[in-house]
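A.B. asks: Can you keep this structure in mind? I'll have questions shortly.
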Amino acid sequence: MNILATSAGFAPDGRWGIRVGPVIRHALRLAQSPARPKLCLLATASGDDPASYARYYAALARDLPDVRVSHLALFPMPNVADVRAHLLDQDVIWVGGGSVANLLAVWRVHGLDSIMKEAWQAGVVLAGVSAGSLCWHAGGTTDSFGPDLRPVTDGLALLPFSNTPHYDSEAGRRPLYRGLVAAGTLPPGWATDDGVGLHFRGTELVEAVADRADAYAWRVERDSAVEAGARETQVVPRRLPDV
């Protein structure tokens, strides 16, 4: 029962546009799968953007040709006949970024909230970036509703914590997140700087990992003894190899 919740994924590449980043490779290692693991891509949070899927497929075909890649699109209708069977047949499910609020709404319409829990319990590695990190948690901070960050409080809650990605690159994330935890709007949780991922086995944090230097994970807890009402504890991640 593994979840890899991250602020990382496909990495920029000057020649090809994107490449498969170390965090995605790590998700595949967590699956402890056969020589040709199955990886399903979900870009629900970006409205199943066809260009995104094309870039993902191209990068995976070039960098990890032994991975058997598929995708689950829900717009305008599911592209596979049996969504549940398809997801349960995977080794890794990778969820891309975008609007976590829209993702959660669409997933619930199609029953993916219960299917994802079943897949997780069956040993499929659940992983993703940004919205694909937030969705597994109880809630977090999001720009799903417009340019101003707001709380989202109806995540799948497979992990009973709150979560915030992009902690170091979006100035509004840190103060809003700390304020929401301090007020009790969100439960205590974890934040990740860009490039960092959190590996949970069950609901226990195993480790933080990173694809770059000088990036961290953060434990954020309510604490009335500090001025902000919430206490941060820095977690130094393990640096992943680049190949």
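Numbering starts fresh at 1 for the residues of each chain in the structure tokens, the chains themselves are lettered A, B, ... in the order given, and ligands are numbered from 1 as they appear.
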Hey, what's within 8 Å of His166 (chain A) if we count only C-alpha atoms and toss same-chain stuff fewer than 2 positions away? As a list in words, please?

C.D. replies: Ser7, Ser130, Thr164, Asp168, Ser169, Glu170, Arg173, Ala191, Thr192, Asp193 and Asp194 of chain A

A.B. asks: Could you save the residues just selected, with N, CA and C atoms, as an mmCIF file, in the first residue's frame?

C.D. replies:
data_model
loop_
_atom_site.group_PDB
_atom_site.id
_atom_site.type_symbol
_atom_site.label_atom_id
_atom_site.label_comp_id
_atom_site.auth_asym_id
_atom_site.auth_seq_id
_atom_site.Cartn_x
_atom_site.Cartn_y
_atom_site.Cartn_z
ATOM 1 N N SER A 7 5.895 16.982 -5.596
ATOM 2 C CA SER A 7 5.961 18.222 -6.378
ATOM 3 C C SER A 7 6.984 18.031 -7.492
ATOM 4 N N SER A 130 1.499 17.529 -7.732
ATOM 5 C CA SER A 130 0.627 18.680 -7.517
ATOM 6 C C SER A 130 -0.807 18.214 -7.211
ATOM 7 N N THR A 164 0.371 20.228 0.821
ATOM 8 C CA THR A 164 0.550 21.372 -0.061
ATOM 9 C C THR A 164 1.805 21.186 -0.902
ATOM 10 N N ASP A 168 7.965 26.051 -1.999
ATOM 11 C CA ASP A 168 9.031 27.049 -2.119
ATOM 12 C C ASP A 168 8.892 27.928 -3.349
ATOM 13 N N SER A 169 8.014 27.574 -4.286
ATOM 14 C CA SER A 169 7.978 28.298 -5.562
ATOM 15 C C SER A 169 6.751 29.177 -5.740
ATOM 16 N N GLU A 170 5.742 29.010 -4.882
ATOM 17 C CA GLU A 170 4.541 29.842 -4.953
ATOM 18 C C GLU A 170 4.384 30.542 -3.607
ATOM 19 N N ARG A 173 1.621 29.909 -0.835
ATOM 20 C CA ARG A 173 1.321 28.581 -0.280
ATOM 21 C C ARG A 173 1.647 28.507 1.216
ATOM 22 N N ALA A 191 4.084 19.397 3.507
ATOM 23 C CA ALA A 191 4.290 20.244 2.339
ATOM 24 C C ALA A 191 5.569 19.806 1.642
ATOM 25 N N THR A 192 5.623 20.016 0.325
ATOM 26 C CA THR A 192 6.818 19.653 -0.437
ATOM 27 C C THR A 192 7.276 20.817 -1.294
ATOM 28 N N ASP A 193 8.578 21.107 -1.229
ATOM 29 C CA ASP A 193 9.177 22.026 -2.185
ATOM 30 C C ASP A 193 9.178 21.377 -3.563
ATOM 31 N N ASP A 194 9.345 22.185 -4.606
ATOM 32 C CA ASP A 194 9.446 21.624 -5.946
ATOM 33 C C ASP A 194 10.610 20.641 -6.007
#

A.B. asks: Tell me which protein, DNA and RNA residues are within 9 Å of Ile93 (chain A), counting only C-alpha atoms, leaving out same-chain ones fewer than 6 positions away, and put them as a list in words.

C.D. replies: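 Everything that qualifies: Ala27, Lys38, Leu39, Cys40, Leu41, Leu42, Leu87, Val124, Val125, Leu126, Ala127 and Gly128 of chain A.
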
A.B. asks: Hey, can you check how far CA of Leu156 (chain A) sits from CA of Ser52 (chain A)?

C.D. replies: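 Distance between the two atoms: 24.1 Å.
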
A.B. asks: Which residues come within 9 Å of region 225-231 of chain A, counting only C-alpha atoms, excluding same-chain residues fewer than 2 positions away, as a list in words?

C.D. replies: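 Close residues of region 225-231 of chain A: Pro175, Arg178, Gly179, Leu180, Val181, Ala182, Ala183, Pro188, Arg219, Val220, Glu221, Arg222, Asp223 and Thr233 of chain A.
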
A.B. asks: Using Å and a single decimal, report how far CA of Gly195 (chain A) sits from CA of Leu103 (chain A).

C.D. replies: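 So the two atoms, CA of Leu103 (chain A) and CA of Gly195 (chain A), lie 22.2 Å apart.
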
A.B. asks: Taking the DSSP assignment computed from this structure's backbone, write out as a PyMOL selection string all residues of region 8-237 of chain A that belong to helix (DSSP H, G or I).

C.D. replies: chain A and resi 22-30+44-46+50-63+83-88+100-109+112-121+131-134+173-183

A.B. asks: With only C-alpha atoms as the counted atoms, please give the residues lying no more than 12 Å from region 238-240 of chain A, apart from itself and same-chain residues fewer than 4 positions off, as a PyMOL selection string.

C.D. replies: chain A and resi 8+21-27+29+195-199+206-217

A.B. asks: I need the residues from that last selection saved to file as a compact mmCIF listing (two decimals), in the first residue's frame (with N, CA and C atoms), if you can.

C.D. replies:
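result_30.txt, written as the output of this step:
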# COMPACT_ATOMS: atom_id res chain seq x y z
N ALA A 8 6.99 16.87 -8.09
CA ALA A 8 7.95 16.53 -9.15
C ALA A 8 7.33 15.47 -10.03
N GLY A 21 11.41 11.96 -15.16
CA GLY A 21 12.22 12.39 -14.03
C GLY A 21 12.48 11.28 -13.03
N PRO A 22 13.43 11.51 -12.12
CA PRO A 22 13.79 10.50 -11.13
C PRO A 22 12.63 10.06 -10.24
N VAL A 23 11.68 10.95 -9.96
CA VAL A 23 10.58 10.58 -9.07
C VAL A 23 9.66 9.55 -9.73
N ILE A 24 9.42 9.68 -11.02
CA ILE A 24 8.60 8.68 -11.72
C ILE A 24 9.33 7.34 -11.75
N ARG A 25 10.63 7.38 -11.98
CA ARG A 25 11.40 6.14 -11.93
C ARG A 25 11.31 5.49 -10.54
N HIS A 26 11.30 6.34 -9.52
CA HIS A 26 11.20 5.82 -8.15
C HIS A 26 9.84 5.16 -7.92
N ALA A 27 8.78 5.75 -8.45
CA ALA A 27 7.45 5.15 -8.33
C ALA A 27 7.44 3.76 -8.95
N ARG A 29 10.04 1.77 -9.24
CA ARG A 29 10.80 0.88 -8.37
C ARG A 29 9.98 0.43 -7.17
N GLY A 195 10.35 19.49 -6.62
CA GLY A 195 11.37 18.46 -6.74
C GLY A 195 11.33 17.40 -5.66
N VAL A 196 10.42 17.54 -4.70
CA VAL A 196 10.38 16.64 -3.54
C VAL A 196 9.14 15.76 -3.59
N GLY A 197 9.28 14.52 -3.13
CA GLY A 197 8.15 13.61 -3.01
C GLY A 197 8.14 12.95 -1.65
N LEU A 198 6.97 12.53 -1.22
CA LEU A 198 6.76 11.86 0.06
C LEU A 198 6.28 10.44 -0.21
N HIS A 199 7.02 9.46 0.31
CA HIS A 199 6.64 8.06 0.14
C HIS A 199 5.98 7.58 1.41
N VAL A 206 7.47 6.88 4.99
CA VAL A 206 8.70 6.09 4.93
C VAL A 206 9.89 7.01 4.78
N GLU A 207 9.82 7.94 3.81
CA GLU A 207 10.91 8.87 3.57
C GLU A 207 10.45 9.96 2.62
N ALA A 208 11.23 11.03 2.60
CA ALA A 208 11.10 12.05 1.57
C ALA A 208 12.24 11.84 0.57
N VAL A 209 11.94 12.05 -0.70
CA VAL A 209 12.94 11.92 -1.76
C VAL A 209 12.92 13.19 -2.61
N ALA A 210 14.01 13.43 -3.33
CA ALA A 210 14.10 14.64 -4.14
C ALA A 210 14.89 14.40 -5.40
N ASP A 211 14.57 15.17 -6.44
CA ASP A 211 15.33 15.07 -7.69
C ASP A 211 16.31 16.23 -7.85
N ARG A 212 16.50 17.02 -6.80
CA ARG A 212 17.41 18.16 -6.85
C ARG A 212 17.93 18.47 -5.45
N ALA A 213 18.96 19.29 -5.39
CA ALA A 213 19.52 19.70 -4.11
C ALA A 213 18.74 20.88 -3.54
N ASP A 214 18.91 21.10 -2.25
CA ASP A 214 18.36 22.28 -1.56
C ASP A 214 16.84 22.38 -1.70
N ALA A 215 16.17 21.25 -1.64
CA ALA A 215 14.71 21.20 -1.63
C ALA A 215 14.31 20.28 -0.48
N TYR A 216 13.18 20.59 0.16
CA TYR A 216 12.85 19.92 1.42
C TYR A 216 11.37 19.56 1.48
N ALA A 217 11.06 18.67 2.38
CA ALA A 217 9.68 18.43 2.81
C ALA A 217 9.51 19.09 4.17
